[in-house]
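Novice: Sending over query_25.cif (mmCIF, C-alpha atoms).
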data_work
#
loop_
_atom_site.group_PDB
_atom_site.id
_atom_site.type_symbol
_atom_site.label_atom_id
_atom_site.label_comp_id
_atom_site.auth_asym_id
_atom_site.auth_seq_id
_atom_site.Cartn_x
_atom_site.Cartn_y
_atom_site.Cartn_z
ATOM 1 C CA MET A 1 -7.303 -49.136 0.650
ATOM 2 C CA THR A 2 -4.050 -47.466 -0.314
ATOM 3 C CA LEU A 3 -3.046 -46.039 -3.662
ATOM 4 C CA ARG A 4 -0.742 -49.007 -4.085
ATOM 5 C CA ASP A 5 -3.666 -51.405 -3.535
ATOM 6 C CA LEU A 6 -5.629 -49.569 -6.204
ATOM 7 C CA LEU A 7 -2.750 -49.727 -8.658
ATOM 8 C CA VAL A 8 -2.309 -53.461 -8.058
ATOM 9 C CA ALA A 9 -6.038 -54.011 -8.501
ATOM 10 C CA THR A 10 -5.974 -52.001 -11.741
ATOM 11 C CA ARG A 11 -3.057 -54.056 -13.024
ATOM 12 C CA ASP A 12 -4.826 -57.312 -12.181
ATOM 13 C CA ALA A 13 -8.079 -56.092 -13.712
ATOM 14 C CA THR A 14 -6.237 -55.220 -16.926
ATOM 15 C CA LEU A 15 -4.773 -58.706 -16.989
ATOM 16 C CA VAL A 16 -8.251 -60.191 -16.554
ATOM 17 C CA ALA A 17 -9.500 -58.077 -19.455
ATOM 18 C CA VAL A 18 -6.702 -59.454 -21.644
ATOM 19 C CA LEU A 19 -7.606 -62.999 -20.574
ATOM 20 C CA ALA A 20 -11.231 -62.250 -21.406
ATOM 21 C CA VAL A 21 -10.227 -61.253 -24.934
ATOM 22 C CA ALA A 22 -8.318 -64.518 -25.284
ATOM 23 C CA ALA A 23 -11.221 -66.572 -23.920
ATOM 24 C CA ALA A 24 -13.669 -64.820 -26.237
ATOM 25 C CA ALA A 25 -11.415 -65.436 -29.231
ATOM 26 C CA ALA A 26 -10.962 -69.102 -28.345
ATOM 27 C CA THR A 27 -14.681 -69.639 -27.787
ATOM 28 C CA ASN A 28 -15.562 -67.898 -31.020
ATOM 29 C CA ALA A 29 -13.056 -69.982 -32.949
ATOM 30 C CA LEU A 30 -14.788 -73.122 -31.684
ATOM 31 C CA ARG A 31 -18.230 -72.040 -32.858
ATOM 32 C CA ASP A 32 -19.730 -73.685 -35.915
ATOM 33 C CA ALA A 33 -20.364 -70.216 -37.326
ATOM 34 C CA PRO A 34 -17.945 -67.739 -35.730
ATOM 35 C CA PHE A 35 -19.499 -64.373 -34.963
ATOM 36 C CA PRO A 36 -17.508 -61.561 -36.614
ATOM 37 C CA TRP A 37 -15.542 -59.252 -34.332
ATOM 38 C CA ILE A 38 -16.433 -56.237 -36.416
ATOM 39 C CA ALA A 39 -19.944 -55.737 -37.750
ATOM 40 C CA VAL A 40 -19.993 -55.342 -41.510
ATOM 41 C CA ALA A 41 -23.439 -53.727 -41.684
ATOM 42 C CA ALA A 42 -25.410 -51.564 -39.307
ATOM 43 C CA TYR A 43 -27.880 -53.368 -37.092
ATOM 44 C CA ASP A 44 -31.480 -52.961 -38.129
ATOM 45 C CA LEU A 45 -32.854 -52.040 -34.749
ATOM 46 C CA PHE A 46 -36.436 -51.591 -35.901
ATOM 47 C CA VAL A 47 -36.909 -55.224 -36.836
ATOM 48 C CA PRO A 48 -37.603 -56.835 -33.461
ATOM 49 C CA CYS A 49 -41.349 -57.079 -32.949
ATOM 50 C CA PRO A 50 -42.923 -57.446 -29.538
ATOM 51 C CA GLU A 51 -43.621 -61.149 -29.642
ATOM 52 C CA PRO A 52 -47.047 -62.292 -28.530
ATOM 53 C CA LEU A 53 -46.441 -64.093 -25.321
ATOM 54 C CA GLY A 54 -49.488 -65.832 -23.958
ATOM 55 C CA ASP A 55 -52.027 -68.406 -24.975
ATOM 56 C CA ALA A 56 -55.398 -67.577 -26.452
ATOM 57 C CA LYS A 57 -58.145 -70.000 -27.349
ATOM 58 C CA ALA A 58 -59.584 -70.080 -30.850
ATOM 59 C CA VAL A 59 -63.357 -69.812 -31.115
ATOM 60 C CA SER A 60 -65.586 -70.065 -34.151
ATOM 61 C CA PRO A 61 -67.693 -67.032 -35.126
ATOM 62 C CA MET A 62 -70.836 -68.900 -34.111
ATOM 63 C CA GLU A 63 -69.817 -69.721 -30.573
ATOM 64 C CA PRO A 64 -72.055 -68.090 -27.949
ATOM 65 C CA ILE A 65 -69.105 -66.564 -26.144
ATOM 66 C CA VAL A 66 -68.586 -64.169 -29.063
ATOM 67 C CA ARG A 67 -71.854 -62.398 -28.371
ATOM 68 C CA ALA A 68 -72.270 -63.182 -24.663
ATOM 69 C CA GLU A 69 -73.332 -60.287 -22.501
ATOM 70 C CA ARG A 70 -70.244 -60.344 -20.318
ATOM 71 C CA THR A 71 -67.818 -60.670 -23.204
ATOM 72 C CA LEU A 72 -65.649 -57.777 -24.291
ATOM 73 C CA VAL A 73 -65.160 -57.886 -28.049
ATOM 74 C CA VAL A 74 -61.962 -56.331 -29.341
ATOM 75 C CA ASP A 75 -61.333 -55.328 -32.938
ATOM 76 C CA ALA A 76 -57.631 -55.701 -33.778
ATOM 77 C CA ARG A 77 -57.864 -54.315 -37.325
ATOM 78 C CA ASP A 78 -56.690 -50.931 -38.503
ATOM 79 C CA ARG A 79 -58.776 -47.780 -38.307
ATOM 80 C CA ALA A 80 -60.089 -47.950 -41.885
ATOM 81 C CA ALA A 81 -61.274 -51.541 -41.537
ATOM 82 C CA HIS A 82 -62.819 -50.765 -38.165
ATOM 83 C CA SER A 83 -64.669 -47.751 -39.568
ATOM 84 C CA ASP A 84 -65.892 -49.822 -42.482
ATOM 85 C CA TRP A 85 -67.437 -52.491 -40.303
ATOM 86 C CA HIS A 86 -67.212 -53.744 -36.768
ATOM 87 C CA LEU A 87 -69.228 -55.671 -34.264
ATOM 88 C CA SER A 88 -71.377 -53.400 -32.172
ATOM 89 C CA GLY A 89 -69.673 -52.450 -28.928
ATOM 90 C CA ALA A 90 -66.286 -53.722 -30.056
ATOM 91 C CA MET A 91 -63.375 -51.934 -28.475
ATOM 92 C CA HIS A 92 -60.872 -50.828 -31.097
ATOM 93 C CA VAL A 93 -57.293 -51.851 -30.252
ATOM 94 C CA PRO A 94 -55.414 -51.858 -33.564
ATOM 95 C CA PHE A 95 -52.642 -54.430 -33.611
ATOM 96 C CA ASP A 96 -49.302 -53.168 -34.878
ATOM 97 C CA TRP A 97 -46.810 -55.710 -36.171
ATOM 98 C CA ILE A 98 -43.853 -53.592 -35.016
ATOM 99 C CA ASP A 99 -44.880 -51.658 -31.915
ATOM 100 C CA ALA A 100 -46.166 -53.234 -28.733
ATOM 101 C CA VAL A 101 -49.764 -52.644 -27.729
ATOM 102 C CA PRO A 102 -49.769 -49.452 -25.636
ATOM 103 C CA ASP A 103 -50.040 -50.008 -21.892
ATOM 104 C CA GLU A 104 -53.073 -47.760 -21.838
ATOM 105 C CA ALA A 105 -54.927 -50.057 -24.248
ATOM 106 C CA VAL A 106 -54.039 -53.151 -22.223
ATOM 107 C CA ARG A 107 -55.256 -51.385 -19.092
ATOM 108 C CA ARG A 108 -58.554 -50.500 -20.813
ATOM 109 C CA VAL A 109 -59.129 -54.120 -21.724
ATOM 110 C CA ALA A 110 -58.120 -55.388 -18.289
ATOM 111 C CA ALA A 111 -60.297 -52.813 -16.533
ATOM 112 C CA SER A 112 -63.415 -53.651 -18.554
ATOM 113 C CA GLY A 113 -64.567 -56.189 -15.995
ATOM 114 C CA ALA A 114 -65.588 -58.578 -18.760
ATOM 115 C CA ALA A 115 -65.736 -62.291 -18.000
ATOM 116 C CA ALA A 116 -64.088 -63.066 -21.334
ATOM 117 C CA VAL A 117 -62.276 -61.174 -24.063
ATOM 118 C CA VAL A 118 -62.821 -62.135 -27.680
ATOM 119 C CA VAL A 119 -60.527 -60.585 -30.255
ATOM 120 C CA TYR A 120 -61.097 -60.578 -33.972
ATOM 121 C CA GLY A 121 -58.663 -59.379 -36.583
ATOM 122 C CA ASP A 122 -58.247 -59.378 -40.319
ATOM 123 C CA GLY A 123 -58.405 -63.157 -40.532
ATOM 124 C CA GLY A 124 -55.182 -63.233 -42.506
ATOM 125 C CA ASP A 125 -52.253 -65.556 -42.123
ATOM 126 C CA PRO A 126 -50.950 -64.587 -39.629
ATOM 127 C CA ASP A 127 -54.141 -63.189 -38.166
ATOM 128 C CA SER A 128 -53.862 -59.859 -36.360
ATOM 129 C CA GLY A 129 -56.668 -60.941 -34.018
ATOM 130 C CA ARG A 130 -54.813 -64.046 -32.936
ATOM 131 C CA GLU A 131 -51.595 -62.093 -32.408
ATOM 132 C CA LEU A 132 -53.333 -59.382 -30.369
ATOM 133 C CA ALA A 133 -55.135 -62.001 -28.290
ATOM 134 C CA ARG A 134 -51.862 -63.725 -27.497
ATOM 135 C CA GLU A 135 -50.186 -60.436 -26.592
ATOM 136 C CA LEU A 136 -53.069 -59.412 -24.328
ATOM 137 C CA SER A 137 -52.942 -62.826 -22.678
ATOM 138 C CA GLY A 138 -49.198 -62.559 -22.237
ATOM 139 C CA ARG A 139 -49.560 -59.181 -20.635
ATOM 140 C CA GLY A 140 -51.902 -60.385 -17.939
ATOM 141 C CA VAL A 141 -55.403 -60.269 -19.426
ATOM 142 C CA ARG A 142 -57.281 -63.439 -18.536
ATOM 143 C CA ASN A 143 -59.647 -65.621 -20.527
ATOM 144 C CA VAL A 144 -58.698 -64.265 -23.934
ATOM 145 C CA HIS A 145 -60.046 -65.818 -27.143
ATOM 146 C CA TYR A 146 -59.774 -64.987 -30.797
ATOM 147 C CA VAL A 147 -62.216 -65.551 -33.621
ATOM 148 C CA GLU A 148 -60.983 -68.027 -36.194
ATOM 149 C CA GLY A 149 -61.094 -66.360 -39.561
ATOM 150 C CA GLY A 150 -61.400 -62.901 -38.022
ATOM 151 C CA ALA A 151 -63.769 -60.239 -39.304
ATOM 152 C CA PRO A 152 -64.449 -61.942 -42.666
ATOM 153 C CA ALA A 153 -65.665 -65.035 -40.837
ATOM 154 C CA LEU A 154 -67.822 -62.946 -38.532
ATOM 155 C CA ARG A 155 -69.398 -61.111 -41.440
ATOM 156 C CA GLY A 156 -69.968 -64.254 -43.436
ATOM 157 C CA ASP A 157 -71.550 -66.367 -40.743
ATOM 158 C CA GLY A 158 -75.084 -65.359 -41.630
ATOM 159 C CA HIS A 159 -75.452 -63.026 -38.730
ATOM 160 C CA PRO A 160 -77.793 -60.269 -39.974
ATOM 161 C CA PRO A 161 -76.310 -56.777 -40.288
ATOM 162 C CA GLY A 162 -77.823 -54.377 -37.813
ATOM 163 C CA ALA A 163 -78.229 -56.970 -35.097
ATOM 164 C CA GLY A 164 -74.842 -56.535 -33.556
ATOM 165 C CA GLU A 165 -72.757 -55.311 -36.452
ATOM 166 C CA VAL A 166 -72.147 -51.740 -37.374
ATOM 167 C CA ALA A 167 -71.896 -51.216 -41.097
ATOM 168 C CA PRO A 168 -71.548 -47.961 -43.020
ATOM 169 C CA MET B 1 -7.781 -42.704 14.483
ATOM 170 C CA THR B 2 -10.665 -41.323 12.421
ATOM 171 C CA SER B 3 -14.115 -42.863 12.524
ATOM 172 C CA PHE B 4 -13.618 -44.119 8.951
ATOM 173 C CA SER B 5 -10.357 -45.792 9.915
ATOM 174 C CA ARG B 6 -12.040 -47.410 12.894
ATOM 175 C CA CYS B 7 -14.875 -48.604 10.663
ATOM 176 C CA ALA B 8 -12.450 -49.863 8.018
ATOM 177 C CA ALA B 9 -10.467 -51.783 10.623
ATOM 178 C CA TRP B 10 -13.482 -53.846 11.707
ATOM 179 C CA ARG B 11 -12.814 -57.522 11.028
ATOM 180 C CA GLY B 12 -16.435 -58.317 10.300
ATOM 181 C CA HIS B 13 -16.164 -56.661 6.876
ATOM 182 C CA ALA B 14 -14.643 -59.838 5.465
ATOM 183 C CA TYR B 15 -17.824 -61.789 6.274
ATOM 184 C CA LEU B 16 -20.246 -59.114 5.069
ATOM 185 C CA ALA B 17 -18.132 -58.729 1.954
ATOM 186 C CA LEU B 18 -18.207 -62.481 1.393
ATOM 187 C CA ALA B 19 -22.016 -62.344 1.237
ATOM 188 C CA ALA B 20 -21.816 -59.381 -1.131
ATOM 189 C CA ARG B 21 -19.220 -61.166 -3.262
ATOM 190 C CA LEU B 22 -21.296 -64.333 -3.586
ATOM 191 C CA TYR B 23 -24.388 -62.328 -4.456
ATOM 192 C CA LEU B 24 -22.566 -60.272 -7.095
ATOM 193 C CA ALA B 25 -20.977 -63.420 -8.489
ATOM 194 C CA TRP B 26 -24.394 -65.060 -8.808
ATOM 195 C CA VAL B 27 -25.719 -61.981 -10.605
ATOM 196 C CA PHE B 28 -22.826 -61.879 -13.041
ATOM 197 C CA LEU B 29 -22.814 -65.603 -13.730
ATOM 198 C CA ALA B 30 -26.511 -65.379 -14.522
ATOM 199 C CA ALA B 31 -25.822 -62.362 -16.717
ATOM 200 C CA CYS B 32 -22.922 -63.755 -18.702
ATOM 201 C CA ALA B 33 -24.260 -67.194 -19.620
ATOM 202 C CA HIS B 34 -26.638 -66.232 -22.409
ATOM 203 C CA LYS B 35 -24.259 -63.582 -23.734
ATOM 204 C CA ILE B 36 -21.442 -66.083 -24.127
ATOM 205 C CA ALA B 37 -23.798 -68.591 -25.720
ATOM 206 C CA ASP B 38 -25.285 -66.078 -28.158
ATOM 207 C CA PRO B 39 -23.037 -63.058 -28.783
ATOM 208 C CA ALA B 40 -25.082 -62.080 -31.847
ATOM 209 C CA ALA B 41 -28.196 -61.502 -29.735
ATOM 210 C CA PHE B 42 -26.192 -59.562 -27.169
ATOM 211 C CA ALA B 43 -24.649 -57.468 -29.943
ATOM 212 C CA VAL B 44 -28.138 -56.327 -30.943
ATOM 213 C CA ASP B 45 -28.738 -55.257 -27.334
ATOM 214 C CA VAL B 46 -25.431 -53.364 -27.308
ATOM 215 C CA ALA B 47 -26.207 -51.701 -30.632
ATOM 216 C CA THR B 48 -29.662 -50.649 -29.433
ATOM 217 C CA TYR B 49 -28.104 -48.346 -26.862
ATOM 218 C CA GLY B 50 -26.644 -46.367 -29.766
ATOM 219 C CA ILE B 51 -23.561 -45.345 -27.814
ATOM 220 C CA LEU B 52 -20.763 -47.400 -29.335
ATOM 221 C CA PRO B 53 -19.524 -46.980 -32.889
ATOM 222 C CA LEU B 54 -20.507 -49.881 -35.127
ATOM 223 C CA TRP B 55 -16.974 -51.284 -35.214
ATOM 224 C CA GLY B 56 -16.968 -51.658 -31.418
ATOM 225 C CA VAL B 57 -20.335 -53.346 -30.954
ATOM 226 C CA ASN B 58 -19.366 -56.940 -31.756
ATOM 227 C CA ALA B 59 -16.063 -56.727 -29.893
ATOM 228 C CA VAL B 60 -17.871 -55.634 -26.741
ATOM 229 C CA ALA B 61 -20.444 -58.382 -27.235
ATOM 230 C CA HIS B 62 -17.592 -60.881 -27.403
ATOM 231 C CA VAL B 63 -15.425 -59.685 -24.521
ATOM 232 C CA LEU B 64 -17.754 -58.180 -21.905
ATOM 233 C CA PRO B 65 -19.451 -61.483 -20.974
ATOM 234 C CA TRP B 66 -16.079 -63.092 -20.379
ATOM 235 C CA ILE B 67 -15.014 -60.231 -18.121
ATOM 236 C CA GLU B 68 -18.258 -60.801 -16.210
ATOM 237 C CA ALA B 69 -17.508 -64.525 -15.996
ATOM 238 C CA PHE B 70 -13.929 -64.047 -14.790
ATOM 239 C CA ALA B 71 -14.962 -61.406 -12.259
ATOM 240 C CA ALA B 72 -17.673 -63.726 -10.918
ATOM 241 C CA ALA B 73 -15.236 -66.631 -10.600
ATOM 242 C CA MET B 74 -12.692 -64.438 -8.799
ATOM 243 C CA LEU B 75 -15.346 -63.181 -6.380
ATOM 244 C CA ILE B 76 -16.414 -66.727 -5.548
ATOM 245 C CA LEU B 77 -12.887 -68.048 -5.114
ATOM 246 C CA GLY B 78 -11.634 -65.015 -3.234
ATOM 247 C CA LEU B 79 -8.846 -64.621 -5.765
ATOM 248 C CA ARG B 80 -7.678 -61.076 -6.535
ATOM 249 C CA VAL B 81 -10.911 -59.872 -5.008
ATOM 250 C CA ARG B 82 -10.044 -56.196 -5.316
ATOM 251 C CA ALA B 83 -9.422 -56.542 -9.041
ATOM 252 C CA ALA B 84 -12.725 -58.375 -9.433
ATOM 253 C CA ALA B 85 -14.563 -55.714 -7.427
ATOM 254 C CA LEU B 86 -12.888 -53.010 -9.492
ATOM 255 C CA LEU B 87 -14.032 -54.717 -12.690
ATOM 256 C CA VAL B 88 -17.574 -55.054 -11.386
ATOM 257 C CA ALA B 89 -17.667 -51.436 -10.232
ATOM 258 C CA GLY B 90 -16.277 -50.304 -13.583
ATOM 259 C CA MET B 91 -18.842 -52.336 -15.515
ATOM 260 C CA MET B 92 -21.672 -51.059 -13.350
ATOM 261 C CA ALA B 93 -20.508 -47.458 -13.843
ATOM 262 C CA THR B 94 -20.497 -48.053 -17.608
ATOM 263 C CA PHE B 95 -23.944 -49.664 -17.523
ATOM 264 C CA LEU B 96 -25.302 -46.790 -15.443
ATOM 265 C CA VAL B 97 -24.080 -44.252 -18.002
ATOM 266 C CA ALA B 98 -25.485 -46.297 -20.905
ATOM 267 C CA LEU B 99 -28.833 -46.762 -19.165
ATOM 268 C CA SER B 100 -29.049 -43.061 -18.301
ATOM 269 C CA VAL B 101 -28.394 -42.119 -21.925
ATOM 270 C CA ALA B 102 -30.989 -44.637 -23.158
ATOM 271 C CA LEU B 103 -33.584 -43.391 -20.678
ATOM 272 C CA ALA B 104 -32.835 -39.788 -21.612
ATOM 273 C CA LYS B 105 -33.374 -40.714 -25.268
ATOM 274 C CA GLY B 106 -36.661 -42.355 -24.347
ATOM 275 C CA LEU B 107 -35.630 -45.675 -25.845
ATOM 276 C CA ASP B 108 -38.208 -48.407 -25.332
ATOM 277 C CA MET B 109 -35.829 -51.322 -24.928
ATOM 278 C CA SER B 110 -34.704 -54.170 -22.738
ATOM 279 C CA CYS B 111 -31.524 -53.540 -20.761
ATOM 280 C CA GLY B 112 -29.916 -56.665 -22.226
ATOM 281 C CA CYS B 113 -28.490 -57.466 -18.827
ATOM 282 C CA PHE B 114 -29.846 -60.980 -18.677
ATOM 283 C CA ALA B 115 -31.420 -63.345 -21.192
ATOM 284 C CA SER B 116 -32.824 -61.233 -24.010
ATOM 285 C CA THR B 117 -36.510 -60.795 -23.416
ATOM 286 C CA GLY B 118 -37.424 -57.720 -25.397
ATOM 287 C CA ALA B 119 -38.701 -54.350 -24.291
ATOM 288 C CA ALA B 120 -42.231 -55.595 -23.691
ATOM 289 C CA GLU B 121 -41.078 -57.964 -20.949
ATOM 290 C CA ASP B 122 -38.116 -56.274 -19.347
ATOM 291 C CA PRO B 123 -38.080 -52.572 -20.210
ATOM 292 C CA ILE B 124 -35.418 -50.258 -18.821
ATOM 293 C CA SER B 125 -36.608 -47.801 -16.192
ATOM 294 C CA SER B 126 -35.418 -45.814 -13.218
ATOM 295 C CA LEU B 127 -35.703 -49.063 -11.247
ATOM 296 C CA THR B 128 -33.020 -50.563 -13.490
ATOM 297 C CA LEU B 129 -30.800 -47.614 -12.574
ATOM 298 C CA LEU B 130 -31.482 -48.148 -8.876
ATOM 299 C CA ARG B 131 -30.689 -51.860 -9.159
ATOM 300 C CA ASP B 132 -27.419 -51.245 -10.963
ATOM 301 C CA GLY B 133 -26.556 -48.499 -8.486
ATOM 302 C CA ALA B 134 -27.058 -50.938 -5.611
ATOM 303 C CA TRP B 135 -24.808 -53.505 -7.279
ATOM 304 C CA MET B 136 -22.171 -50.834 -7.831
ATOM 305 C CA ALA B 137 -22.372 -49.879 -4.136
ATOM 306 C CA LEU B 138 -21.806 -53.517 -3.169
ATOM 307 C CA ALA B 139 -18.800 -53.726 -5.482
ATOM 308 C CA LEU B 140 -17.341 -50.527 -4.015
ATOM 309 C CA TYR B 141 -17.897 -51.888 -0.511
ATOM 310 C CA VAL B 142 -15.900 -54.997 -1.364
ATOM 311 C CA LEU B 143 -13.242 -52.934 -3.128
ATOM 312 C CA ILE B 144 -12.722 -50.449 -0.314
ATOM 313 C CA LEU B 145 -13.487 -52.286 2.913
ATOM 314 C CA ASP B 146 -12.723 -55.958 2.285
ATOM 315 C CA ARG B 147 -9.085 -55.663 3.312
ATOM 316 C CA ARG B 148 -8.402 -59.345 3.923
ATOM 317 C CA PRO B 149 -10.903 -61.211 1.753
ATOM 318 C CA LEU B 150 -11.901 -64.710 2.767
ATOM 319 C CA GLY B 151 -10.753 -67.206 0.175
ATOM 320 C CA LEU B 152 -7.646 -67.862 -1.851
ATOM 321 C CA ASP B 153 -6.222 -64.373 -1.320
ATOM 322 C CA ARG B 154 -6.106 -64.939 2.442
ATOM 323 C CA ILE B 155 -4.649 -68.436 2.095
ATOM 324 C CA LEU B 156 -1.947 -67.208 -0.275
ATOM 325 C CA ASP B 157 -1.145 -64.286 2.050
ATOM 326 C CA ARG B 158 -0.613 -66.713 4.955
ATOM 327 C CA ARG B 159 1.814 -68.752 2.909
ATOM 328 C CA ARG B 160 3.793 -65.681 1.944
ATOM 329 C CA ILE B 161 4.068 -64.450 5.545
ATOM 330 C CA PRO B 162 6.486 -66.683 7.482
#
Could you render the structure as structure tokens?
Specialist:
Amino acid sequence: MTLRDLLVATRDATLVAVLAVAAAAATNALRDAPFPWIAVAAYDLFVPCPEPLGDAKAVSPMEPIVRAERTLVVDARDRAAHSDWHLSGAMHVPFDWIDAVPDEAVRRVAASGAAAVVVYGDGGDPDSGRELARELSGRGVRNVHYVEGGAPALRGDGHPPGAGEVAP
Amino acid sequence: MTSFSRCAAWRGHAYLALAARLYLAWVFLAACAHKIADPAAFAVDVATYGILPLWGVNAVAHVLPWIEAFAAAMLILGLRVRAAALLVAGMMATFLVALSVALAKGLDMSCGCFASTGAAEDPISSLTLLRDGAWMALALYVLILDRRPLGLDRILDRRRIP
């Protein structure tokens, strides 16, 4: 390739860039809601949440799978709620509405060897347990369930404290 | 004649370059579609890199996908192939710099190259750098060694030469 070839290519590339500007302007003009060429406010880059990706089955607090021997129970609530009360043996993986679940936590769950994973959260709307279960499922953990109603439902199902639960 | 000149004179480059051109065109067509359809989403990806001033973010989100589209079309048709390869190489060089800066900052983000998927699904990594580097190498190969590209350029050249 000679210098002349490079200059011709640069000229043509510049022309293409100009055409691209024209095409972008024409396309934007045809949109129902044209997108502004200059942003008027800074982008809030902390908004996007890691969306839960997979499917998780809902189970009631009374279903045998919740307390089955080969089930890994995961507590999705924050540290304070977990310290206050949790099912015995529950792995604590606090769900964060902004940050993704750390890879290390997903690996811990996946490496547990459990036949099923049952997640419970705060039982709110949306429920952190459901969201964590869906994210775990989406990130490759199999057979993930979540407890409908979360921790409040588990505590209120008549299951006696001390036989599975850890209370202060 | 130097070994490079001998290598550059090989006629088979046009066929190898055609494969490279079609591959690059496929990559860029796949990359530009969602950006043209949804410039607002692409603008967020551009802004996340934190390199451009705010006033330049939306303009890039508007224009860059169309440059990708035109370059892809030119590579497929064999029209002004060198210009298209130069555009692709230039874009890849820019992406490589932006990715390097983002990785150096430790940003947990998607590259925004294809349909927006979020950092959890398609995070940037050294593999992204390698991939973009390979695409840039292909573009440079076409730019430097595809002296008589197959396609419209060759047909038009024949018409010009009596």
Novice: Do a neighbour search on region 110-120 of chain A at 7 Å with all atoms listed in the file, toss out local chain neighbours closer than 6 positions, and write the hits as an MDAnalysis selection string.
Specialist: chainID A and resid 66 70:76 129 133 141 143:147 150:151
Novice: Could you build a table of the residues in chain A lying no more than 10 Å from chain B, giving for each the nearest pair of atoms and their separation in Å rounded to one decimal place, using only C-alpha atoms, ordered by chain and ascending residue number, as a tab-separated table?
Specialist:
residue	atom	partner	partner_atom	distance
A:Met1	CA	B:Ile144	CA	5.7
A:Thr2	CA	B:Ile144	CA	9.2
A:Asp5	CA	B:Arg82	CA	8.2
A:Leu6	CA	B:Arg82	CA	8.0
A:Leu7	CA	B:Ala83	CA	9.5
A:Val8	CA	B:Ala83	CA	7.8
A:Ala9	CA	B:Ala83	CA	4.3
A:Thr10	CA	B:Ala83	CA	6.3
A:Arg11	CA	B:Ala83	CA	7.9
A:Asp12	CA	B:Ala83	CA	5.6
A:Ala13	CA	B:Ala83	CA	4.9
A:Thr14	CA	B:Ala83	CA	8.6
A:Leu15	CA	B:Ala83	CA	9.5
A:Val16	CA	B:Ile67	CA	6.9
A:Ala17	CA	B:Ile67	CA	6.1
A:Val18	CA	B:Ile67	CA	9.1
A:Leu19	CA	B:Ile67	CA	8.3
A:Ala20	CA	B:Trp66	CA	5.0
A:Val21	CA	B:Val63	CA	5.4
A:Ala22	CA	B:Val63	CA	8.6
A:Ala23	CA	B:Trp66	CA	6.9
A:Ala24	CA	B:His62	CA	5.7
A:Ala25	CA	B:His62	CA	7.9
A:Thr27	CA	B:Ile36	CA	8.5
A:Asn28	CA	B:His62	CA	8.2
A:Arg31	CA	B:Ala37	CA	9.7
A:Pro34	CA	B:Pro39	CA	9.8
A:Phe35	CA	B:Ala40	CA	6.8
A:Pro36	CA	B:Asn58	CA	7.0
A:Trp37	CA	B:Ala59	CA	5.1
A:Ile38	CA	B:Trp55	CA	5.1
A:Ala39	CA	B:Trp55	CA	5.9
A:Val40	CA	B:Trp55	CA	8.1
A:Ala41	CA	B:Leu54	CA	8.1
A:Ala42	CA	B:Leu54	CA	6.7
A:Tyr43	CA	B:Val44	CA	6.8
A:Asp44	CA	B:Val44	CA	8.6
A:Leu45	CA	B:Thr48	CA	6.4
A:Phe46	CA	B:Thr48	CA	9.4
A:Pro48	CA	B:Gly118	CA	8.1
A:Cys49	CA	B:Gly118	CA	8.5
A:Pro50	CA	B:Ala120	CA	6.2
A:Glu51	CA	B:Gly118	CA	8.3
A:Pro52	CA	B:Ala120	CA	9.6
A:Leu53	CA	B:Glu121	CA	9.2
A:Asp99	CA	B:Ala120	CA	9.5
A:Ala100	CA	B:Ala120	CA	6.8
A:Val101	CA	B:Ala120	CA	9.0
A:Pro102	CA	B:Ala120	CA	9.9
A:Asp103	CA	B:Ala120	CA	9.8
A:Glu135	CA	B:Ala120	CA	9.8
A:Gly138	CA	B:Glu121	CA	9.4
A:Arg139	CA	B:Glu121	CA	8.6
Novice: Identify, on the basis of only C-alpha atoms, every residue whose closest approach to Cys111 (chain B) does not exceed 7 Å; exclude the query and any residue fewer than 2 positions from it along the same chain; express the result as a CSV table (one decimal) with C-alpha atoms, keeping the file's coordinate frame.
Specialist:
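Heads up, here's the output in out07.csv:
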chain,number,residue,atom,x,y,z
B,109,MET,CA,-35.8,-51.3,-24.9
B,113,CYS,CA,-28.5,-57.5,-18.8
B,123,PRO,CA,-38.1,-52.6,-20.2
B,124,ILE,CA,-35.4,-50.3,-18.8
Novice: I want to know what sits within 10 Å of Ser125 (chain B), based on only C-alpha atoms, with residues of the same chain fewer than 5 positions away left out; could you give that as a VMD selection string?
Specialist: chain B and resid 99 to 100 102 to 103 106 to 111 130
Novice: List as a PyMOL selection string the residues having at least one atom at most 10 Å from position (-7.0, -66.6, -8.1) as given in the file, counting all atoms listed in the file.
Specialist: chain B and resi 70+73-81+151-153+156
Novice: Quick one: residues within 7 Å of Leu18 (chain B), all atoms listed in the file counted, chain neighbours fewer than 4 positions away excluded, as a PyMOL selection string?
Specialist: chain B and resi 14+22+150
Novice: Keeping only C-alpha atoms, write the selected residues as a short mmCIF file (atom, residue, chain, number, x, y, z; two decimals), keeping the file's coordinate frame.
Specialist:
data_model
loop_
_atom_site.label_atom_id
_atom_site.label_comp_id
_atom_site.auth_asym_id
_atom_site.auth_seq_id
_atom_site.Cartn_x
_atom_site.Cartn_y
_atom_site.Cartn_z
CA ALA B 14 -14.64 -59.84 5.46
CA LEU B 22 -21.30 -64.33 -3.59
CA LEU B 150 -11.90 -64.71 2.77
#
Novice: As an exercise, work out the distance from CA of Val27 (chain B) to CA of Val46 (chain B) in Å and give it to one decimal place.
Specialist: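 Taking CA of Val27 (chain B) as the start and CA of Val46 (chain B) as the end point, the length is 18.8 Å.
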Novice: Could you check which of A:His86, A:Gly54, A:Ala33, A:His92 is closest to Gly140 (chain A), using only C-alpha atoms?
Specialist: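 Smallest distance to Gly140 (chain A) is found for A:Gly54.
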